[in-house]
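*Asks:* Got a file for you: entry.tsv, TSV, C-alpha atoms.
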chain	number	residue	atom	x	y	z
E	1382	MET	CA	77.95	-172.59	-128.72
E	1383	SER	CA	75.64	-169.70	-129.44
E	1384	LYS	CA	71.88	-169.95	-129.21
E	1385	VAL	CA	69.08	-168.18	-131.00
E	1386	LEU	CA	65.68	-167.11	-129.68
E	1387	VAL	CA	62.83	-168.26	-131.97
E	1388	SER	CA	59.09	-167.62	-131.80
E	1389	ALA	CA	57.57	-170.78	-130.35
E	1390	CYS	CA	54.84	-170.85	-133.02
E	1391	LEU	CA	57.51	-171.15	-135.73
E	1392	LEU	CA	58.76	-174.29	-133.98
E	1393	GLY	CA	55.33	-175.90	-134.22
E	1394	ASN	CA	53.98	-175.01	-130.79
E	1395	PRO	CA	50.25	-174.15	-130.92
E	1396	VAL	CA	50.58	-170.85	-129.05
E	1397	ARG	CA	49.19	-168.32	-131.53
E	1398	TYR	CA	46.10	-166.32	-130.65
E	1399	ASP	CA	43.96	-168.83	-132.58
E	1400	GLY	CA	45.53	-171.84	-130.86
E	1401	LYS	CA	47.52	-172.81	-133.93
E	1402	SER	CA	51.19	-172.86	-134.84
E	1403	LYS	CA	52.99	-171.41	-137.83
E	1404	LEU	CA	55.47	-174.28	-138.24
E	1405	LEU	CA	58.50	-173.34	-140.24
E	1406	HIS	CA	60.58	-175.85	-142.18
E	1407	HIS	CA	64.20	-174.77	-142.55
E	1408	ALA	CA	67.19	-177.12	-142.61
E	1409	ARG	CA	69.66	-174.87	-140.78
E	1410	LEU	CA	67.15	-174.07	-138.05
E	1411	SER	CA	66.27	-177.76	-137.68
E	1412	ARG	CA	69.96	-178.57	-137.17
E	1413	LEU	CA	70.18	-175.92	-134.45
E	1414	VAL	CA	67.12	-177.40	-132.74
E	1415	GLU	CA	68.81	-180.84	-132.81
E	1416	GLN	CA	71.95	-179.26	-131.30
E	1417	ASP	CA	69.87	-177.67	-128.49
E	1418	ARG	CA	70.82	-174.19	-129.71
E	1419	VAL	CA	67.29	-172.85	-130.10
E	1420	ILE	CA	65.18	-171.37	-127.34
E	1421	GLY	CA	61.52	-171.29	-128.30
E	1422	PHE	CA	59.52	-168.52	-126.70
E	1423	CYS	CA	56.06	-166.95	-127.01
E	1424	PRO	CA	56.04	-163.53	-125.35
E	1425	GLU	CA	52.24	-163.32	-125.32
E	1426	VAL	CA	51.84	-166.59	-123.42
E	1427	ALA	CA	54.82	-165.81	-121.18
E	1428	GLY	CA	53.22	-162.44	-120.43
E	1429	GLY	CA	50.10	-164.20	-119.13
E	1430	LEU	CA	47.69	-164.40	-122.07
E	1431	PRO	CA	45.76	-167.66	-122.64
E	1432	ILE	CA	45.57	-169.94	-125.67
E	1433	PRO	CA	43.43	-169.27	-127.59
E	1434	ARG	CA	42.96	-165.55	-127.03
E	1435	ASP	CA	41.41	-162.60	-128.80
E	1436	ALA	CA	43.51	-161.21	-131.61
E	1437	ALA	CA	45.29	-158.00	-130.66
E	1438	GLU	CA	46.86	-155.14	-132.59
E	1439	ILE	CA	48.85	-152.06	-131.69
E	1440	ARG	CA	46.90	-148.82	-131.77
E	1441	GLY	CA	48.68	-145.50	-132.04
E	1442	GLY	CA	52.09	-146.66	-133.27
E	1443	ASP	CA	54.29	-149.71	-133.11
E	1444	GLY	CA	56.11	-151.68	-130.43
E	1445	ALA	CA	58.58	-148.88	-129.73
E	1446	ALA	CA	55.67	-146.50	-129.09
E	1447	VAL	CA	54.12	-149.08	-126.74
E	1448	ILE	CA	57.36	-149.34	-124.76
E	1449	ASP	CA	57.53	-145.55	-124.56
E	1450	GLY	CA	53.92	-145.38	-123.33
E	1451	HIS	CA	52.58	-143.64	-126.47
E	1452	ALA	CA	50.58	-146.56	-127.91
E	1453	ARG	CA	48.57	-149.51	-126.61
E	1454	VAL	CA	47.92	-153.10	-127.57
E	1455	GLU	CA	44.19	-153.79	-127.74
E	1456	THR	CA	41.87	-156.59	-128.75
E	1457	ARG	CA	39.18	-156.04	-131.35
E	1458	ASN	CA	36.65	-155.26	-128.61
E	1459	GLY	CA	38.91	-152.62	-127.06
E	1460	CYS	CA	40.37	-154.60	-124.17
E	1461	ASP	CA	43.79	-153.16	-123.27
E	1462	VAL	CA	46.33	-156.01	-123.14
E	1463	THR	CA	49.43	-153.80	-123.23
E	1464	ALA	CA	50.72	-154.98	-119.85
E	1465	PHE	CA	50.77	-158.62	-121.01
E	1466	PHE	CA	52.75	-157.73	-124.12
E	1467	VAL	CA	55.28	-155.64	-122.20
E	1468	ALA	CA	55.68	-158.36	-119.55
E	1469	GLY	CA	56.35	-160.97	-122.24
E	1470	ALA	CA	58.85	-158.70	-123.99
E	1471	ARG	CA	60.73	-158.24	-120.71
E	1472	GLN	CA	60.86	-162.00	-120.23
E	1473	ALA	CA	62.23	-162.44	-123.76
E	1474	LEU	CA	64.96	-159.91	-122.98
E	1475	ALA	CA	65.76	-161.70	-119.72
E	1476	LEU	CA	66.15	-165.00	-121.62
E	1477	CYS	CA	68.46	-163.36	-124.14
E	1478	ARG	CA	70.60	-161.98	-121.34
E	1479	LEU	CA	70.64	-165.28	-119.45
E	1480	HIS	CA	71.73	-167.27	-122.51
E	1481	ASP	CA	73.90	-164.54	-124.11
E	1482	ILE	CA	71.64	-164.52	-127.17
E	1483	GLY	CA	72.40	-161.91	-129.79
E	1484	VAL	CA	69.93	-162.95	-132.52
E	1485	ALA	CA	66.19	-163.59	-132.51
E	1486	ILE	CA	63.98	-165.00	-135.27
E	1487	LEU	CA	60.42	-163.88	-134.64
E	1488	THR	CA	57.07	-164.08	-136.43
E	1489	GLU	CA	56.43	-161.21	-138.84
E	1490	SER	CA	53.32	-159.02	-138.42
E	1491	SER	CA	52.69	-160.10	-134.83
E	1492	PRO	CA	52.06	-157.27	-132.33
E	1493	SER	CA	54.75	-158.92	-130.20
E	1494	CYS	CA	57.18	-160.35	-132.70
E	1495	GLY	CA	56.85	-158.40	-135.94
E	1496	SER	CA	60.30	-157.26	-136.99
E	1497	SER	CA	59.52	-154.95	-139.91
E	1498	GLN	CA	55.74	-154.77	-140.03
E	1499	VAL	CA	52.69	-155.01	-137.78
E	1500	TYR	CA	49.01	-154.53	-138.48
E	1501	ASP	CA	47.56	-151.02	-138.40
E	1502	GLY	CA	45.36	-151.40	-135.31
E	1503	GLU	CA	42.08	-151.41	-137.25
E	1504	PHE	CA	41.76	-155.23	-137.51
E	1505	ALA	CA	41.58	-155.04	-141.30
E	1506	ARG	CA	44.80	-157.09	-141.69
E	1507	SER	CA	46.50	-154.04	-143.21
E	1508	PRO	CA	50.25	-154.18	-142.58
E	1509	VAL	CA	52.22	-151.05	-141.78
E	1510	PRO	CA	55.96	-150.60	-141.22
E	1511	GLY	CA	57.02	-151.08	-137.62
E	1512	SER	CA	57.98	-153.65	-135.03
E	1513	GLY	CA	56.15	-155.54	-132.36
E	1514	VAL	CA	56.69	-154.91	-128.66
E	1515	THR	CA	59.18	-157.76	-128.11
E	1516	SER	CA	61.15	-156.97	-131.26
E	1517	ALA	CA	61.40	-153.31	-130.29
E	1518	LEU	CA	62.58	-154.07	-126.74
E	1519	LEU	CA	65.14	-156.64	-127.89
E	1520	ARG	CA	66.57	-154.25	-130.47
E	1521	ARG	CA	66.86	-151.49	-127.88
E	1522	HIS	CA	69.09	-153.82	-125.92
E	1523	GLY	CA	71.29	-154.90	-128.81
E	1524	VAL	CA	69.63	-158.11	-129.96
E	1525	ALA	CA	69.42	-158.39	-133.76
E	1526	VAL	CA	65.85	-159.33	-134.71
E	1527	PHE	CA	64.82	-161.05	-137.94
E	1528	ASN	CA	61.61	-162.59	-139.23
E	1529	GLN	CA	60.94	-166.13	-140.46
E	1530	HIS	CA	61.78	-165.15	-144.03
E	1531	GLN	CA	65.29	-164.04	-143.03
E	1532	ILE	CA	66.67	-167.14	-141.33
E	1533	ASP	CA	69.81	-167.44	-143.44
E	1534	THR	CA	70.58	-163.76	-142.86
E	1535	ALA	CA	69.95	-164.14	-139.13
E	1536	LEU	CA	72.20	-167.17	-138.80
E	1537	SER	CA	74.97	-165.37	-140.72
E	1538	HIS	CA	74.71	-162.24	-138.59
E	1539	PRO	CA	77.87	-161.36	-136.62
E	1540	ALA	CA	75.87	-161.37	-133.34
E	1541	PHE	CA	75.19	-165.07	-133.90
E	1542	CYS	CA	78.38	-166.13	-135.65
E	1543	LYS	CA	80.75	-164.55	-133.13
E	1544	ARG	CA	79.41	-166.93	-130.53
E	1545	CYS	CA	79.62	-170.04	-132.74
Please re-express this file's structure in structure tokens.

*Replies:*
Amino acid sequence: MSKVLVSACLLGNPVRYDGKSKLLHHARLSRLVEQDRVIGFCPEVAGGLPIPRDAAEIRGGDGAAVIDGHARVETRNGCDVTAFFVAGARQALALCRLHDIGVAILTESSPSCGSSQVYDGEFARSPVPGSGVTSALLRRHGVAVFNQHQIDTALSHPAFCKRC
């Protein structure tokens, strides 16, 4: 049976930067959790950042630019936390490879997990098109990435269904 990678905060784990979760209620996802087909993962915590932690945003691009070394992830006070974000993204990719995961459902707007938008790096909560570091790395390696508003689409995606 196929598995799906899901942001741990969406599963109710208090791992966000502010120490809270972003619990998502979705019947199909709940059934997959009951069937042990969901792997919850927080790349920021896995990369070594504490809970709670300072909010961070990508400056100079999006997650793809971070992976390519053209942008950085920084906290509001200018602390460079890029290495933690890249380390967590690599661990997410390793989990996907280990469990033959082809689909991930990640938290939109996060500098790690955003799938179609992140914040602009100015800490004004202004979204811009782009992906987070983990989303960008997973996509580069063939994992289909969706956000929490696209669960039905994600669970109907051929990369998930072919493994059902």

*Asks:* Calculated over all atoms listed in the file, which of the candidates E:Leu1518, E:Leu1476, E:Val1524, E:Cys1460 has the smallest distance to E:Val1447?

*Replies:* E:Leu1518

*Asks:* Could you check how far atom CA of E:Cys1477 sits from atom CA of E:Asp1533, in Å to one decimal?

*Replies:*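 Calculated distance between atom CA of E:Cys1477 and atom CA of E:Asp1533 is 19.8 Å.
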
*Asks:* So how far away is atom CA of E:Val1426 from atom CA of E:Gly1444, in Å?

*Replies:* 17.0 Å

*Asks:* Which residues, written as a list in words, have at least one atom at most 8 Å from E:Ile1448, with only C-alpha atoms counted and residues fewer than 5 positions away on the same chain left out?

*Replies:*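 Neighbouring residues, sequence-local ones excluded: Val1467, Val1514, Ala1517 and Leu1518 of chain E.
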
*Asks:* Could you write out the selected residues, including C-alpha atoms, as a PDB file, in the coordinates of the input?

*Replies:*
ATOM      1  CA  VAL E1467      55.280-155.640-122.200  1.00  0.00           C
ATOM      2  CA  VAL E1514      56.690-154.910-128.660  1.00  0.00           C
ATOM      3  CA  ALA E1517      61.400-153.310-130.290  1.00  0.00           C
ATOM      4  CA  LEU E1518      62.580-154.070-126.740  1.00  0.00           C
TER       5      LEU E1518
END

*Asks:* How many Å lie between atom CA of E:Cys1423 and atom CA of E:Asn1394, rounded to one decimal?

*Replies:*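 Value for the atom CA of E:Cys1423-atom CA of E:Asn1394 distance: 9.1 Å.
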
*Asks:* What residues have an atom no more than 12 Å from (48.2, -162.8, -113.7) in the file's own frame, counting all atoms listed in the file, and can you write them as a VMD selection string?

*Replies:* chain E and resid 1426 to 1431 1462 1464 to 1465 1468 to 1469

*Asks:* Considering only C-alpha atoms, state which residue in the set E:Gly1523, E:Gly1393, E:Pro1433, E:Gly1459 is at the smallest distance from E:Asp1481.

*Replies:* E:Gly1523

*Asks:* Write out as a list in words the residues lying within 8 Å of stretch 1495-1506 of chain E, counting all atoms listed in the file and excluding same-chain residues fewer than 4 positions away.

*Replies:*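 What passes the distance filter is Glu1438, Ile1439, Arg1440, Gly1441, Asp1443, Arg1457, Leu1487, Thr1488, Glu1489, Ser1490, Ser1491, Pro1510, Gly1511, Ser1512, Gly1513, Ser1516, Ala1517, Val1526, Phe1527 and Asn1528 of chain E.
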
*Asks:* How would the residues just picked look written out with C-alpha atoms as a short mmCIF file (atom, residue, chain, number, x, y, z; two decimals), keeping the file's coordinate frame?

*Replies:*
data_model
loop_
_atom_site.label_atom_id
_atom_site.label_comp_id
_atom_site.auth_asym_id
_atom_site.auth_seq_id
_atom_site.Cartn_x
_atom_site.Cartn_y
_atom_site.Cartn_z
CA GLU E 1438 46.86 -155.14 -132.59
CA ILE E 1439 48.85 -152.06 -131.69
CA ARG E 1440 46.90 -148.82 -131.77
CA GLY E 1441 48.68 -145.50 -132.04
CA ASP E 1443 54.29 -149.71 -133.11
CA ARG E 1457 39.18 -156.04 -131.35
CA LEU E 1487 60.42 -163.88 -134.64
CA THR E 1488 57.07 -164.08 -136.43
CA GLU E 1489 56.43 -161.21 -138.84
CA SER E 1490 53.32 -159.02 -138.42
CA SER E 1491 52.69 -160.10 -134.83
CA PRO E 1510 55.96 -150.60 -141.22
CA GLY E 1511 57.02 -151.08 -137.62
CA SER E 1512 57.98 -153.65 -135.03
CA GLY E 1513 56.15 -155.54 -132.36
CA SER E 1516 61.15 -156.97 -131.26
CA ALA E 1517 61.40 -153.31 -130.29
CA VAL E 1526 65.85 -159.33 -134.71
CA PHE E 1527 64.82 -161.05 -137.94
CA ASN E 1528 61.61 -162.59 -139.23
#

*Asks:* From the block you just saw, export stretch 1394-1466 of chain E: C-alpha atoms, as a compact mmCIF listing (two decimals), in the first residue's frame.

*Replies:*
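Written output follows (decode.txt):
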# COMPACT_ATOMS: atom_id res chain seq x y z
CA ASN E 1394 1.70 18.00 16.06
CA PRO E 1395 2.74 21.30 17.71
CA VAL E 1396 5.90 21.76 15.62
CA ARG E 1397 5.32 25.12 13.93
CA TYR E 1398 7.65 28.01 14.64
CA ASP E 1399 5.19 29.32 17.26
CA GLY E 1400 4.86 25.94 18.97
CA LYS E 1401 1.39 25.35 17.57
CA SER E 1402 -0.12 22.95 15.07
CA LYS E 1403 -2.28 23.60 12.04
CA LEU E 1404 -4.53 20.56 12.48
CA LEU E 1405 -6.35 19.60 9.35
CA HIS E 1406 -9.64 17.70 9.34
CA HIS E 1407 -10.12 15.64 6.19
CA ALA E 1408 -11.92 12.28 6.04
CA ARG E 1409 -9.72 10.64 3.38
CA LEU E 1410 -6.53 11.70 5.13
CA SER E 1411 -7.88 10.47 8.48
CA ARG E 1412 -8.56 7.05 6.93
CA LEU E 1413 -4.99 6.91 5.62
CA VAL E 1414 -3.68 7.77 9.10
CA GLU E 1415 -5.77 4.90 10.54
CA GLN E 1416 -4.32 2.58 7.87
CA ASP E 1417 -0.75 3.65 8.79
CA ARG E 1418 -0.24 5.11 5.31
CA VAL E 1419 0.78 8.60 6.42
CA ILE E 1420 4.25 9.65 7.43
CA GLY E 1421 4.19 12.91 9.37
CA PHE E 1422 7.30 15.01 9.05
CA CYS E 1423 8.49 18.52 9.95
CA PRO E 1424 11.60 19.40 7.95
CA GLU E 1425 12.46 22.37 10.15
CA VAL E 1426 12.53 20.28 13.33
CA ALA E 1427 14.24 17.38 11.55
CA GLY E 1428 16.85 19.84 10.30
CA GLY E 1429 17.68 20.80 13.88
CA LEU E 1430 15.56 23.86 14.69
CA PRO E 1431 13.85 24.05 18.11
CA ILE E 1432 10.18 24.48 19.03
CA PRO E 1433 9.31 27.28 19.32
CA ARG E 1434 11.71 29.13 17.05
CA ASP E 1435 11.97 32.49 15.36
CA ALA E 1436 9.87 32.82 12.24
CA ALA E 1437 11.91 32.55 9.06
CA GLU E 1438 11.39 33.57 5.45
CA ILE E 1439 13.29 33.10 2.22
CA ARG E 1440 15.21 36.14 1.04
CA GLY E 1441 16.28 36.47 -2.56
CA GLY E 1442 14.00 33.90 -4.19
CA ASP E 1443 12.19 30.71 -3.28
CA GLY E 1444 13.14 27.21 -2.21
CA ALA E 1445 14.64 26.33 -5.59
CA ALA E 1446 16.92 29.37 -5.33
CA VAL E 1447 17.94 28.28 -1.82
CA ILE E 1448 18.86 24.81 -3.08
CA ASP E 1449 20.87 26.38 -5.89
CA GLY E 1450 22.69 28.64 -3.43
CA HIS E 1451 21.16 31.88 -4.76
CA ALA E 1452 18.88 32.68 -1.80
CA ARG E 1453 18.91 32.24 1.98
CA VAL E 1454 16.45 31.48 4.73
CA GLU E 1455 16.69 34.05 7.50
CA THR E 1456 14.90 34.95 10.70
CA ARG E 1457 13.49 38.42 11.22
CA ASN E 1458 16.69 39.48 13.01
CA GLY E 1459 18.87 38.31 10.12
CA CYS E 1460 20.05 34.97 11.48
CA ASP E 1461 20.87 32.65 8.55
CA VAL E 1462 19.07 29.32 9.10
CA THR E 1463 19.49 28.05 5.54
CA ALA E 1464 21.52 25.00 6.56
CA PHE E 1465 18.73 23.76 8.86
CA PHE E 1466 16.14 24.08 6.09
